[in-house]
>>> print(open('final13.txt').read())   # compact mmCIF, C-alpha atoms and all ligand atoms
# COMPACT_ATOMS: atom_id res chain seq x y z
CA MET A 1051 0.00 0.00 0.00
CA LYS A 1052 1.40 3.35 -1.03
CA ASN A 1053 0.41 6.43 0.99
CA VAL A 1054 0.57 9.29 -1.47
CA LEU A 1055 0.30 12.92 -0.47
CA VAL A 1056 -0.77 14.97 -3.50
CA THR A 1057 -0.40 18.69 -2.86
CA GLY A 1058 -2.62 20.99 -4.92
CA GLY A 1059 -4.91 18.12 -5.88
CA ALA A 1060 -7.95 20.38 -6.10
CA GLY A 1061 -6.39 22.36 -8.95
CA PHE A 1062 -6.31 21.63 -12.66
CA ILE A 1063 -3.45 19.14 -13.12
CA GLY A 1064 -3.57 17.77 -9.56
CA SER A 1065 -7.24 16.78 -9.86
CA ASN A 1066 -6.62 15.12 -13.22
CA PHE A 1067 -3.65 13.31 -11.71
CA ILE A 1068 -5.68 11.95 -8.78
CA ARG A 1069 -8.29 10.65 -11.22
CA TYR A 1070 -5.51 9.06 -13.26
CA LEU A 1071 -3.93 7.44 -10.21
CA LEU A 1072 -7.20 5.99 -8.94
CA ARG A 1073 -7.86 4.54 -12.41
CA THR A 1074 -4.38 3.05 -12.63
CA GLU A 1075 -3.47 1.88 -9.11
CA THR A 1076 -5.49 -0.25 -6.71
CA ASN A 1077 -3.24 -0.62 -3.70
CA ILE A 1078 -3.01 3.05 -2.85
CA ARG A 1079 -4.23 5.71 -0.43
CA ILE A 1080 -4.31 9.28 -1.74
CA LEU A 1081 -4.39 12.36 0.47
CA ASN A 1082 -5.32 15.46 -1.45
CA PHE A 1083 -3.73 18.29 0.53
CA ASP A 1084 -4.93 21.62 -0.81
CA ALA A 1085 -5.44 25.12 0.60
CA LEU A 1086 -8.38 25.80 -1.75
CA THR A 1087 -7.11 29.13 -3.06
CA TYR A 1088 -9.07 30.78 -5.88
CA ALA A 1089 -7.65 28.06 -8.19
CA GLY A 1090 -8.62 25.09 -6.03
CA ASN A 1091 -12.04 23.52 -6.27
CA ARG A 1092 -13.00 20.56 -4.13
CA GLU A 1093 -15.90 19.94 -6.50
CA ASN A 1094 -13.38 18.86 -9.17
CA LEU A 1095 -13.23 15.51 -7.38
CA ALA A 1096 -16.62 15.47 -5.66
CA ASP A 1097 -17.57 12.16 -7.29
CA LEU A 1098 -14.54 10.48 -5.69
CA GLU A 1099 -15.26 11.51 -2.11
CA GLY A 1100 -16.84 8.14 -1.32
CA ASP A 1101 -13.82 6.18 -2.53
CA PRO A 1102 -12.00 4.67 0.49
CA ARG A 1103 -8.68 5.20 -1.32
CA TYR A 1104 -9.20 8.99 -1.42
CA ARG A 1105 -9.27 11.67 1.26
CA PHE A 1106 -9.36 15.46 1.04
CA ILE A 1107 -7.52 17.53 3.64
CA GLN A 1108 -7.70 21.30 3.55
CA GLY A 1109 -4.24 22.53 4.38
CA ASN A 1110 -1.48 24.93 3.49
CA ILE A 1111 1.96 23.74 2.39
CA CYS A 1112 3.48 26.77 4.16
CA ASP A 1113 2.15 25.54 7.52
CA ALA A 1114 5.01 23.40 8.83
CA ALA A 1115 3.11 21.99 11.81
CA GLN A 1116 0.16 20.88 9.68
CA VAL A 1117 2.33 19.37 6.94
CA ASP A 1118 4.38 17.56 9.55
CA SER A 1119 1.39 16.07 11.33
CA VAL A 1120 -0.31 14.89 8.12
CA ILE A 1121 2.86 13.19 6.88
CA ARG A 1122 3.24 11.36 10.19
CA GLU A 1123 -0.40 10.51 10.76
CA TYR A 1124 -0.76 8.89 7.34
CA GLN A 1125 2.79 7.54 7.14
CA VAL A 1126 3.22 9.25 3.81
CA ASP A 1127 5.85 7.55 1.64
CA THR A 1128 5.26 9.46 -1.60
CA ILE A 1129 4.76 13.18 -2.13
CA VAL A 1130 3.63 14.45 -5.52
CA HIS A 1131 3.92 18.20 -5.29
CA PHE A 1132 1.64 20.25 -7.55
CA ALA A 1133 0.54 23.01 -5.16
CA ALA A 1134 1.64 26.37 -6.47
CA GLU A 1135 0.61 29.76 -7.64
CA SER A 1136 0.61 29.00 -11.33
CA HIS A 1137 -0.41 31.99 -13.44
CA VAL A 1138 2.27 34.23 -14.98
CA ASP A 1139 -0.05 37.26 -15.28
CA ARG A 1140 -0.90 37.06 -11.58
CA SER A 1141 2.79 36.85 -10.75
CA ILE A 1142 3.33 40.10 -12.65
CA LEU A 1143 0.57 41.90 -10.75
CA GLY A 1144 1.44 40.38 -7.35
CA PRO A 1145 4.68 38.39 -7.05
CA ARG A 1146 4.81 38.05 -3.25
CA GLN A 1147 2.34 35.17 -3.01
CA PHE A 1148 4.42 33.26 -5.58
CA ILE A 1149 7.49 33.46 -3.39
CA GLU A 1150 5.48 32.42 -0.32
CA THR A 1151 3.79 29.41 -1.89
CA ASN A 1152 6.21 28.21 -4.52
CA VAL A 1153 9.47 28.80 -2.67
CA MET A 1154 8.62 28.71 1.05
CA GLY A 1155 5.88 26.11 0.57
CA THR A 1156 8.20 23.77 -1.32
CA PHE A 1157 10.91 24.31 1.31
CA THR A 1158 8.42 23.49 4.08
CA LEU A 1159 7.38 20.25 2.38
CA LEU A 1160 10.96 19.23 1.70
CA ASP A 1161 11.93 19.82 5.30
CA ALA A 1162 8.98 17.82 6.60
CA ALA A 1163 9.88 14.94 4.26
CA ARG A 1164 13.50 15.11 5.36
CA ASN A 1165 12.55 15.03 9.06
CA TYR A 1166 10.24 12.06 8.68
CA TRP A 1167 12.02 10.02 6.02
CA LEU A 1168 15.68 10.73 6.66
CA LYS A 1169 16.00 11.56 10.36
CA GLU A 1170 13.52 9.09 11.84
CA ASN A 1171 14.07 6.19 9.45
CA VAL A 1172 10.55 4.86 10.00
CA LEU A 1173 10.14 3.84 6.35
CA PRO A 1174 12.69 2.05 4.14
CA LEU A 1175 14.57 4.69 2.14
CA ASP A 1176 13.96 2.85 -1.13
CA SER A 1177 10.19 3.14 -0.60
CA VAL A 1178 9.96 6.94 -0.36
CA ARG A 1179 9.88 9.62 -3.06
CA PHE A 1180 9.46 13.36 -3.39
CA HIS A 1181 8.22 14.17 -6.89
CA HIS A 1182 8.24 17.85 -7.82
CA VAL A 1183 6.05 19.06 -10.68
CA SER A 1184 7.66 21.94 -12.53
CA THR A 1185 7.46 23.86 -15.75
CA ASP A 1186 9.35 24.58 -18.98
CA GLU A 1187 9.16 28.29 -18.13
CA VAL A 1188 12.27 27.95 -15.93
CA PHE A 1189 14.35 27.85 -19.15
CA GLY A 1190 13.37 31.36 -20.33
CA SER A 1191 12.61 32.13 -23.96
CA LEU A 1192 13.94 30.85 -27.28
CA LYS A 1193 15.00 32.98 -30.25
CA PRO A 1194 14.03 31.82 -33.76
CA GLY A 1195 16.12 28.81 -34.78
CA GLU A 1196 17.47 28.08 -31.28
CA PRO A 1197 17.28 24.37 -30.37
CA ALA A 1198 14.72 22.97 -27.93
CA TRP A 1199 15.60 22.88 -24.22
CA THR A 1200 17.09 19.70 -22.82
CA GLU A 1201 17.39 18.66 -19.17
CA GLU A 1202 20.91 20.15 -19.25
CA THR A 1203 19.90 23.63 -20.45
CA PRO A 1204 20.79 26.28 -17.83
CA TYR A 1205 17.82 27.97 -16.16
CA ALA A 1206 16.98 31.54 -17.20
CA PRO A 1207 13.53 32.32 -15.75
CA ASN A 1208 11.95 35.59 -16.90
CA SER A 1209 8.72 36.07 -14.92
CA PRO A 1210 8.31 36.06 -11.13
CA TYR A 1211 6.32 32.83 -11.59
CA ALA A 1212 9.13 31.17 -13.54
CA ALA A 1213 11.73 32.43 -11.06
CA SER A 1214 9.77 31.03 -8.11
CA LYS A 1215 9.46 27.63 -9.84
CA ALA A 1216 13.17 27.67 -10.72
CA ALA A 1217 13.98 28.39 -7.07
CA SER A 1218 11.78 25.51 -5.95
CA ASP A 1219 13.44 23.13 -8.44
CA HIS A 1220 16.84 24.13 -7.08
CA LEU A 1221 15.69 23.53 -3.50
CA VAL A 1222 14.50 20.03 -4.40
CA ARG A 1223 17.79 19.27 -6.09
CA SER A 1224 19.74 20.57 -3.10
CA TYR A 1225 17.79 18.33 -0.69
CA GLY A 1226 18.72 15.38 -2.86
CA HIS A 1227 22.38 16.37 -3.14
CA THR A 1228 22.95 17.43 0.47
CA TYR A 1229 20.68 15.17 2.50
CA GLY A 1230 20.08 12.28 0.11
CA LEU A 1231 16.32 12.91 -0.22
CA PRO A 1232 15.06 10.60 -2.99
CA TYR A 1233 13.50 12.95 -5.53
CA THR A 1234 12.48 13.30 -9.16
CA ILE A 1235 11.51 16.46 -11.04
CA THR A 1236 9.48 16.90 -14.22
CA ASN A 1237 9.47 20.10 -16.27
CA CYS A 1238 6.41 20.18 -18.48
CA SER A 1239 5.07 22.51 -21.14
CA ASN A 1240 1.62 24.21 -21.23
CA ASN A 1241 -1.21 21.86 -20.30
CA TYR A 1242 -4.80 22.02 -21.48
CA GLY A 1243 -7.87 19.86 -20.84
CA PRO A 1244 -10.81 19.48 -18.44
CA TYR A 1245 -10.99 21.39 -15.13
CA GLN A 1246 -8.52 24.11 -16.10
CA PHE A 1247 -9.31 27.36 -14.32
CA PRO A 1248 -10.60 29.76 -16.99
CA GLU A 1249 -7.97 32.44 -16.60
CA LYS A 1250 -5.41 30.49 -18.66
CA LEU A 1251 -5.48 31.02 -22.43
CA ILE A 1252 -7.45 28.01 -23.69
CA PRO A 1253 -10.35 27.87 -21.21
CA LEU A 1254 -10.58 31.69 -21.12
CA ILE A 1255 -10.95 31.80 -24.89
CA ILE A 1256 -13.50 28.96 -24.91
CA LEU A 1257 -15.72 30.58 -22.27
CA ASN A 1258 -15.46 34.11 -23.70
CA ALA A 1259 -16.25 32.82 -27.19
CA MET A 1260 -19.27 30.85 -25.92
CA ASP A 1261 -20.56 34.13 -24.43
CA GLY A 1262 -19.76 36.32 -27.43
CA LYS A 1263 -17.18 38.28 -25.39
CA PRO A 1264 -13.90 39.67 -26.82
CA LEU A 1265 -11.05 37.16 -27.17
CA PRO A 1266 -7.92 38.92 -25.86
CA VAL A 1267 -4.73 38.09 -27.76
CA TYR A 1268 -1.62 39.63 -26.23
CA GLY A 1269 0.68 41.61 -28.55
CA ASP A 1270 0.87 40.18 -32.07
CA GLY A 1271 -0.30 36.69 -31.03
CA GLN A 1272 2.81 35.12 -32.57
CA GLN A 1273 4.23 33.84 -29.27
CA VAL A 1274 4.74 30.10 -29.32
CA ARG A 1275 4.02 27.62 -26.52
CA ASP A 1276 4.32 23.84 -26.55
CA TRP A 1277 0.91 22.32 -25.70
CA LEU A 1278 0.22 18.99 -24.01
CA HIS A 1279 -3.07 17.35 -23.00
CA VAL A 1280 -3.23 17.08 -19.21
CA GLU A 1281 -3.79 13.30 -19.30
CA ASP A 1282 -0.53 12.85 -21.18
CA HIS A 1283 1.19 14.87 -18.46
CA CYS A 1284 -0.40 12.69 -15.75
CA GLU A 1285 0.73 9.53 -17.49
CA ALA A 1286 4.27 10.89 -17.73
CA ILE A 1287 4.37 11.79 -14.02
CA HIS A 1288 3.10 8.31 -13.12
CA LEU A 1289 5.83 6.73 -15.24
CA VAL A 1290 8.52 8.88 -13.64
CA LEU A 1291 7.19 7.94 -10.19
CA THR A 1292 7.20 4.25 -10.91
CA LYS A 1293 10.20 3.89 -13.25
CA GLY A 1294 12.14 7.16 -13.17
CA LYS A 1295 15.68 7.37 -11.91
CA ILE A 1296 16.12 8.90 -8.43
CA GLY A 1297 17.76 12.33 -8.62
CA SER A 1298 16.75 12.81 -12.26
CA THR A 1299 14.78 15.49 -14.04
CA TYR A 1300 12.64 14.78 -17.11
CA ASN A 1301 11.33 17.17 -19.74
CA ILE A 1302 7.73 16.57 -20.84
CA GLY A 1303 6.14 18.18 -23.88
CA GLY A 1304 3.65 17.62 -26.65
CA GLU A 1305 5.73 18.72 -29.64
CA ASN A 1306 2.81 20.89 -30.69
CA GLN A 1307 3.84 24.49 -31.22
CA PRO A 1308 1.23 26.64 -32.90
CA ALA A 1309 1.33 30.41 -32.30
CA ASN A 1310 -1.19 31.70 -29.75
CA LEU A 1311 -3.29 33.32 -32.47
CA SER A 1312 -3.59 30.00 -34.27
CA ILE A 1313 -4.81 28.29 -31.05
CA VAL A 1314 -7.44 31.01 -30.62
CA GLU A 1315 -8.54 30.69 -34.25
CA THR A 1316 -8.80 26.90 -33.96
CA ILE A 1317 -11.05 27.24 -30.89
CA CYS A 1318 -13.23 29.72 -32.81
CA ASP A 1319 -13.55 27.30 -35.73
CA ILE A 1320 -14.43 24.39 -33.43
CA LEU A 1321 -17.16 26.46 -31.77
CA ASP A 1322 -18.49 27.52 -35.18
CA GLU A 1323 -18.91 23.80 -35.88
CA ILE A 1324 -20.23 22.40 -32.62
CA ASP A 1325 -21.84 25.20 -30.58
CA SER A 1326 -25.53 25.07 -31.34
CA ASN A 1327 -25.94 28.77 -30.44
CA PRO A 1328 -25.57 30.64 -33.76
CA ALA A 1329 -25.56 34.12 -32.15
CA HIS A 1330 -21.79 34.61 -32.06
CA LYS A 1331 -20.71 33.02 -35.33
CA PRO A 1332 -18.22 33.40 -36.84
CA HIS A 1333 -16.35 33.43 -33.54
CA ARG A 1334 -13.16 34.75 -35.14
CA ARG A 1335 -14.72 38.21 -35.32
CA LEU A 1336 -14.48 38.33 -31.49
CA ILE A 1337 -10.65 38.26 -31.58
CA GLN A 1338 -9.13 41.42 -30.13
CA PHE A 1339 -5.42 42.22 -30.01
CA VAL A 1340 -4.60 43.77 -26.63
CA LYS A 1341 -1.53 45.24 -24.92
CA ASP A 1342 1.21 42.65 -24.53
CA ARG A 1343 2.24 41.00 -21.27
CA PRO A 1344 5.38 42.71 -19.85
CA GLY A 1345 8.48 40.57 -20.46
CA HIS A 1346 6.40 38.11 -22.51
CA ASP A 1347 8.45 35.02 -23.42
CA ARG A 1348 8.45 34.57 -27.18
CA ARG A 1349 8.93 30.86 -27.75
CA TYR A 1350 9.11 27.60 -25.77
CA ASP A 1351 10.20 24.22 -27.08
CA MET A 1352 11.02 21.06 -25.14
CA ASP A 1353 13.40 18.30 -26.14
CA THR A 1354 11.65 15.21 -24.77
CA ARG A 1355 14.04 12.52 -26.01
CA LYS A 1356 15.10 11.51 -22.48
CA ILE A 1357 11.66 10.51 -21.18
CA ARG A 1358 10.80 8.88 -24.52
CA ALA A 1359 13.98 6.80 -24.59
CA GLU A 1360 14.29 5.96 -20.87
CA LEU A 1361 10.64 5.44 -19.95
CA GLY A 1362 8.96 4.81 -23.31
CA TRP A 1363 6.55 7.72 -22.83
CA SER A 1364 4.91 9.56 -25.70
CA PRO A 1365 1.75 11.67 -25.80
CA ARG A 1366 -1.48 9.91 -26.80
CA HIS A 1367 -3.49 13.02 -27.71
CA THR A 1368 -3.07 15.06 -30.87
CA LEU A 1369 -3.63 18.77 -30.38
CA ASP A 1370 -6.56 18.85 -32.83
CA GLN A 1371 -8.46 16.05 -31.10
CA GLY A 1372 -7.46 17.27 -27.63
CA LEU A 1373 -8.75 20.78 -28.32
CA LEU A 1374 -12.00 19.43 -29.73
CA ASP A 1375 -12.51 17.25 -26.63
CA THR A 1376 -11.68 20.17 -24.37
CA VAL A 1377 -14.15 22.54 -26.04
CA ARG A 1378 -16.78 19.79 -25.78
CA TRP A 1379 -15.97 19.36 -22.07
CA TYR A 1380 -16.54 23.05 -21.29
CA LEU A 1381 -19.77 23.07 -23.34
CA SER A 1382 -21.06 20.03 -21.47
CA HIS A 1383 -20.20 21.20 -17.93
CA PRO A 1384 -22.27 24.37 -17.45
CA GLU A 1385 -22.59 23.81 -13.68
CA TRP A 1386 -18.84 23.68 -13.22
CA VAL A 1387 -18.41 26.82 -15.33
CA ALA A 1388 -21.18 28.62 -13.41
CA SER A 1389 -19.64 27.70 -10.05
CA ILE A 1390 -16.29 29.22 -11.08
CA ARG A 1391 -17.94 32.35 -12.42
CA GLN A 1392 -19.84 32.82 -9.16
CA LYS A 1393 -16.56 33.09 -7.31
CA HIS A 1394 -16.26 36.79 -6.62
CA GLU A 1395 -12.54 36.48 -7.27
CA TYR A 1396 -12.99 35.53 -10.92
CA GLU A 1397 -14.66 38.72 -12.14
CA GLY A 1398 -12.20 40.70 -10.01
CA TRP A 1399 -9.30 39.04 -11.80
CA LEU A 1400 -10.74 39.73 -15.25
CA ASP A 1401 -11.09 43.42 -14.33
CA ALA A 1402 -7.57 43.59 -12.90
CA ASN A 1403 -5.91 41.92 -15.89
CA TYR A 1404 -7.94 43.16 -18.85
CA LYS A 1405 -9.65 46.48 -18.06
CA LEU A 1406 -6.56 48.61 -18.49
CA ARG A 1407 -5.13 46.71 -21.44
P1 LIG B 1 -3.66 25.43 -10.48
O1 LIG B 1 -3.41 26.89 -10.25
O2 LIG B 1 -4.83 25.01 -11.30
O3 LIG B 1 -3.80 24.66 -9.08
C1 LIG B 1 -2.95 24.93 -7.99
C2 LIG B 1 -3.54 24.23 -6.78
O4 LIG B 1 -2.66 24.44 -5.68
C3 LIG B 1 -4.91 24.79 -6.35
O5 LIG B 1 -5.80 23.72 -6.07
C4 LIG B 1 -4.60 25.59 -5.11
O6 LIG B 1 -5.69 25.65 -4.19
C5 LIG B 1 -3.42 24.82 -4.54
N1 LIG B 1 -2.58 25.65 -3.68
C6 LIG B 1 -2.10 26.89 -3.94
N2 LIG B 1 -1.39 27.34 -2.89
C7 LIG B 1 -1.41 26.35 -1.95
C8 LIG B 1 -0.84 26.21 -0.66
N3 LIG B 1 -0.12 27.19 -0.11
N4 LIG B 1 -1.03 25.05 0.01
C9 LIG B 1 -1.77 24.05 -0.53
N5 LIG B 1 -2.36 24.13 -1.75
C10 LIG B 1 -2.17 25.27 -2.45
O7 LIG B 1 -2.30 24.89 -11.08
P2 LIG B 1 -2.05 23.78 -12.21
O8 LIG B 1 -2.17 24.42 -13.54
O9 LIG B 1 -2.84 22.58 -11.88
O10 LIG B 1 -0.50 23.48 -11.96
C11 LIG B 1 -0.09 22.51 -11.01
C12 LIG B 1 1.43 22.45 -10.97
O11 LIG B 1 1.93 22.14 -12.25
C13 LIG B 1 2.09 23.77 -10.56
O12 LIG B 1 3.17 23.48 -9.72
C14 LIG B 1 2.56 24.35 -11.87
O13 LIG B 1 3.70 25.16 -11.69
C15 LIG B 1 2.88 23.11 -12.65
N6 LIG B 1 2.76 23.21 -14.11
C16 LIG B 1 1.62 23.70 -14.67
C17 LIG B 1 1.51 23.76 -16.05
C18 LIG B 1 0.25 24.26 -16.72
O14 LIG B 1 0.24 24.41 -17.94
N7 LIG B 1 -0.83 24.51 -16.01
C19 LIG B 1 2.56 23.32 -16.87
C20 LIG B 1 3.72 22.81 -16.24
C21 LIG B 1 3.80 22.76 -14.86
P1 LIG B 2 -1.16 31.19 -20.25
O1 LIG B 2 -2.31 30.27 -20.46
O2 LIG B 2 -1.31 32.28 -19.23
O3 LIG B 2 0.10 30.29 -19.94
P2 LIG B 2 1.69 30.71 -19.84
O4 LIG B 2 1.82 32.15 -19.69
O5 LIG B 2 2.08 29.94 -18.63
O6 LIG B 2 2.31 30.19 -21.10
O7 LIG B 2 -0.83 31.88 -21.62
C1 LIG B 2 -0.48 31.12 -22.77
C2 LIG B 2 -0.08 32.09 -23.85
O8 LIG B 2 -1.24 32.86 -24.24
C3 LIG B 2 0.95 33.10 -23.39
O9 LIG B 2 1.85 33.37 -24.47
C4 LIG B 2 0.13 34.36 -23.10
C5 LIG B 2 -1.02 34.25 -24.07
N1 LIG B 2 -2.31 34.84 -23.61
C6 LIG B 2 -3.01 35.72 -24.42
O10 LIG B 2 -2.59 36.04 -25.56
N2 LIG B 2 -4.21 36.21 -23.97
C7 LIG B 2 -4.70 35.90 -22.74
O11 LIG B 2 -5.78 36.42 -22.37
C8 LIG B 2 -3.97 34.99 -21.91
C9 LIG B 2 -4.47 34.58 -20.56
C10 LIG B 2 -2.78 34.48 -22.39
>>> encode(input="final13.txt", output="structure tokens")
Amino acid sequence: MKNVLVTGGAGFIGSNFIRYLLRTETNIRILNFDALTYAGNRENLADLEGDPRYRFIQGNICDAAQVDSVIREYQVDTIVHFAAESHVDRSILGPRQFIETNVMGTFTLLDAARNYWLKENVLPLDSVRFHHVSTDEVFGSLKPGEPAWTEETPYAPNSPYAASKAASDHLVRSYGHTYGLPYTITNCSNNYGPYQFPEKLIPLIILNAMDGKPLPVYGDGQQVRDWLHVEDHCEAIHLVLTKGKIGSTYNIGGENQPANLSIVETICDILDEIDSNPAHKPHRRLIQFVKDRPGHDRRYDMDTRKIRAELGWSPRHTLDQGLLDTVRWYLSHPEWVASIRQKHEYEGWLDANYKLR
């Protein structure tokens, strides 16, 4: 029986990961440890609350006493660490919370794991693992023609979000190097799919387009991200947990790199096809170019040969099919969408980020 502490399991990727784990593993107990910030939604996993393998605990990764007691009480042997402030635009408007959660929170978790696993020796060392979920944004931005980032590329984070994730990656590495904490790290590109909070590009565009609202494209819309379906990310993390080499980092990416404008246009075309409400067609006429994000990274690209060769991972979803499924998901979950929109915070964020653009 594995006792897995998933931090941030009420957020987008964490909730998809818990679903994935419960589908894949039988002999497991999952503790979803989440502070329920604006981005966390317990409802994302409401249908699993009766499963004896799953338990939700509301808690903050910055609270050392609480983290410590949960790890001990449940004899946690595996930590999969998703909890973070995750939105670049929010980090530009208010970086402090990113340092608190992403840096101090990761430090607090690492220290609790070190105390329990390494100082007390209650569990066999070869049975424990700290897996840290990170991002491609730590590598900075690529110029045209520059090669994709490998696991050896030096970090060059540009936004406060990226810098806070880079710092947390370094802390994890240092706990492995100095204290011998068994860890793995994954750096993944932009995820999309069900349950993504609609302030990130893809769900924001889907919901605005469904409502006939403007579709904000920053700058010239020619920035390039690598896009990966969230289930492919979850599968990769599971593989790294079960077969990855201790002390290793793995790049994960979809090898899909359309410009932002092209993503927005594709979503418009999908909605033209499948949304039965004709009022806003053609959706492309809703596209609006707005003031660019300060310090906006131009291009991301991940070299994923290591995880493909070592662990045999490759993405199962094509971007076309994944986007179609994702648009369908948002169309068919009006209650979920309504519950997010009712959060006072959501409208406040849209005003803060878009009104002055
Ligand atoms: P998200 O913003 O949707 O969810 C974050 C979750 O963490 C929320 O449930 C929130 O309540 C919780 N949380 C925040 N602060 C907390 C705290 N102090 N204590 C406990 N819980 C707290 O984020 P996401 O998009 O699911 O990303 C998850 C992880 O994956 C992050 O570490 C992020 O950096 C990383 N990542 C995300 C992407 C992406 O495209 N979304 C890509 C690569 C890596
Ligand atoms: P986002 O989803 O915020 O992810 P990240 O910044 O982590 O890559 O944004 C994806 C891309 O879309 C990024 O280049 C910024 C751009 N973008 C817009 O053009 N308009 C928007 O309203 C948002 C939220 C993002």
>>> residues_near_point(input="final13.txt", point="(5.3, 18.4, 0.2)", cutoff="9 Å", atoms="only C-alpha atoms", output="PyMOL selection string")
chain A and resi 1055-1057+1111+1117+1121+1129-1133+1155-1163+1180-1182
>>> residues_near_point(input="final13.txt", point="(-13.2, 15.0, -12.9)", cutoff="9 Å", atoms="all atoms listed in the file", output="count of residues only")
11
>>> closest_residue(input="final13.txt", among="A:Arg1334, A:His1288, A:Arg1105, A:Lys1356", to="Ala1259 (chain A)", atoms="all atoms listed in the file")
A:Arg1334
>>> residues_near_ligand(input="final13.txt", ligand="ligand LIG 2 (chain B)", cutoff="8 Å", atoms="all atoms listed in the file", output="list in words")
Ser1136, His1137, Val1138, Asp1139, Glu1187, Asn1240, Glu1249, Lys1250, Leu1251, Ile1252, Leu1254, Ile1255, Leu1265, Pro1266, Val1267, Tyr1268, Gly1269, Gly1271, Gln1273, Val1274, Arg1275, Asn1310, Leu1311, Asp1342, Arg1343, His1346, Asp1347, Arg1348 and Tyr1404 of chain A
>>> write_last_selection(input="final13.txt", atoms="C-alpha atoms", output="CSV table (one decimal), keeping the file's coordinate frame")
chain,number,residue,atom,x,y,z
A,1136,SER,CA,0.6,29.0,-11.3
A,1137,HIS,CA,-0.4,32.0,-13.4
A,1138,VAL,CA,2.3,34.2,-15.0
A,1139,ASP,CA,0.0,37.3,-15.3
A,1187,GLU,CA,9.2,28.3,-18.1
A,1240,ASN,CA,1.6,24.2,-21.2
A,1249,GLU,CA,-8.0,32.4,-16.6
A,1250,LYS,CA,-5.4,30.5,-18.7
A,1251,LEU,CA,-5.5,31.0,-22.4
A,1252,ILE,CA,-7.4,28.0,-23.7
A,1254,LEU,CA,-10.6,31.7,-21.1
A,1255,ILE,CA,-11.0,31.8,-24.9
A,1265,LEU,CA,-11.0,37.2,-27.2
A,1266,PRO,CA,-7.9,38.9,-25.9
A,1267,VAL,CA,-4.7,38.1,-27.8
A,1268,TYR,CA,-1.6,39.6,-26.2
A,1269,GLY,CA,0.7,41.6,-28.6
A,1271,GLY,CA,-0.3,36.7,-31.0
A,1273,GLN,CA,4.2,33.8,-29.3
A,1274,VAL,CA,4.7,30.1,-29.3
A,1275,ARG,CA,4.0,27.6,-26.5
A,1310,ASN,CA,-1.2,31.7,-29.8
A,1311,LEU,CA,-3.3,33.3,-32.5
A,1342,ASP,CA,1.2,42.6,-24.5
A,1343,ARG,CA,2.2,41.0,-21.3
A,1346,HIS,CA,6.4,38.1,-22.5
A,1347,ASP,CA,8.4,35.0,-23.4
A,1348,ARG,CA,8.4,34.6,-27.2
A,1404,TYR,CA,-7.9,43.2,-18.8
>>> closest_residue(input="final13.txt", among="A:Tyr1350, A:Val1183, A:Val1126, A:Tyr1070", to="Gly1058 (chain A)", atoms="only C-alpha atoms")
A:Val1183
>>> closest_atom_pairs(input="final13.txt", of="chain A", to="ligand LIG 1 (chain B)", cutoff="6 Å", atoms="all atoms listed in the file", output="Markdown table")
| residue | atom | partner | partner_atom | distance |
| --- | --- | --- | --- | --- |
| A:Thr1057 | CA | B:LIG1 | N5 | 5.9 |
| A:Gly1058 | CA | B:LIG1 | O4 | 3.5 |
| A:Gly1059 | CA | B:LIG1 | O5 | 5.7 |
| A:Ala1060 | CA | B:LIG1 | O5 | 4.0 |
| A:Gly1061 | CA | B:LIG1 | O5 | 3.2 |
| A:Phe1062 | CA | B:LIG1 | O9 | 3.7 |
| A:Ile1063 | CA | B:LIG1 | O9 | 3.7 |
| A:Gly1064 | CA | B:LIG1 | O9 | 5.4 |
| A:Asp1084 | CA | B:LIG1 | N5 | 3.7 |
| A:Ala1085 | CA | B:LIG1 | C9 | 4.0 |
| A:Leu1086 | CA | B:LIG1 | O6 | 3.6 |
| A:Thr1087 | CA | B:LIG1 | O6 | 3.9 |
| A:Ala1089 | CA | B:LIG1 | C3 | 4.6 |
| A:Gly1090 | CA | B:LIG1 | O5 | 3.1 |
| A:Gly1109 | CA | B:LIG1 | C9 | 5.7 |
| A:Asn1110 | CA | B:LIG1 | N4 | 3.5 |
| A:Ile1111 | CA | B:LIG1 | N4 | 4.0 |
| A:Cys1112 | CA | B:LIG1 | N3 | 5.6 |
| A:Phe1132 | CA | B:LIG1 | C12 | 4.1 |
| A:Ala1133 | CA | B:LIG1 | O4 | 3.5 |
| A:Ala1134 | CA | B:LIG1 | C6 | 4.5 |
| A:Glu1135 | CA | B:LIG1 | C6 | 5.4 |
| A:Ser1136 | CA | B:LIG1 | O1 | 4.7 |
| A:Thr1151 | CA | B:LIG1 | N3 | 4.8 |
| A:Val1183 | CA | B:LIG1 | O12 | 5.4 |
| A:Ser1184 | CA | B:LIG1 | C21 | 4.6 |
| A:Thr1185 | CA | B:LIG1 | C20 | 3.9 |
| A:Cys1238 | CA | B:LIG1 | C20 | 4.4 |
| A:Ser1239 | CA | B:LIG1 | C19 | 5.0 |
| A:Asn1240 | CA | B:LIG1 | O14 | 3.6 |
| A:Asn1241 | CA | B:LIG1 | O14 | 3.8 |
| A:Phe1247 | CA | B:LIG1 | O2 | 5.9 |
>>> closest_residue(input="final13.txt", among="A:Lys1215, A:Arg1179, A:His1394, A:Lys1169", to="Ser1141 (chain A)", atoms="all atoms listed in the file")
A:Lys1215
>>> residues_around(input="final13.txt", residues="Pro1210 (chain A)", least_positions_apart="3", cutoff="7 Å", atoms="all atoms listed in the file", output="short mmCIF file (atom, residue, chain, number, x, y, z; two decimals) with C-alpha atoms, keeping the file's coordinate frame")
data_model
loop_
_atom_site.label_atom_id
_atom_site.label_comp_id
_atom_site.auth_asym_id
_atom_site.auth_seq_id
_atom_site.Cartn_x
_atom_site.Cartn_y
_atom_site.Cartn_z
CA SER A 1141 2.79 36.85 -10.75
CA ILE A 1142 3.33 40.10 -12.65
CA PRO A 1145 4.68 38.39 -7.05
CA ALA A 1213 11.73 32.43 -11.06
CA SER A 1214 9.77 31.03 -8.11
#
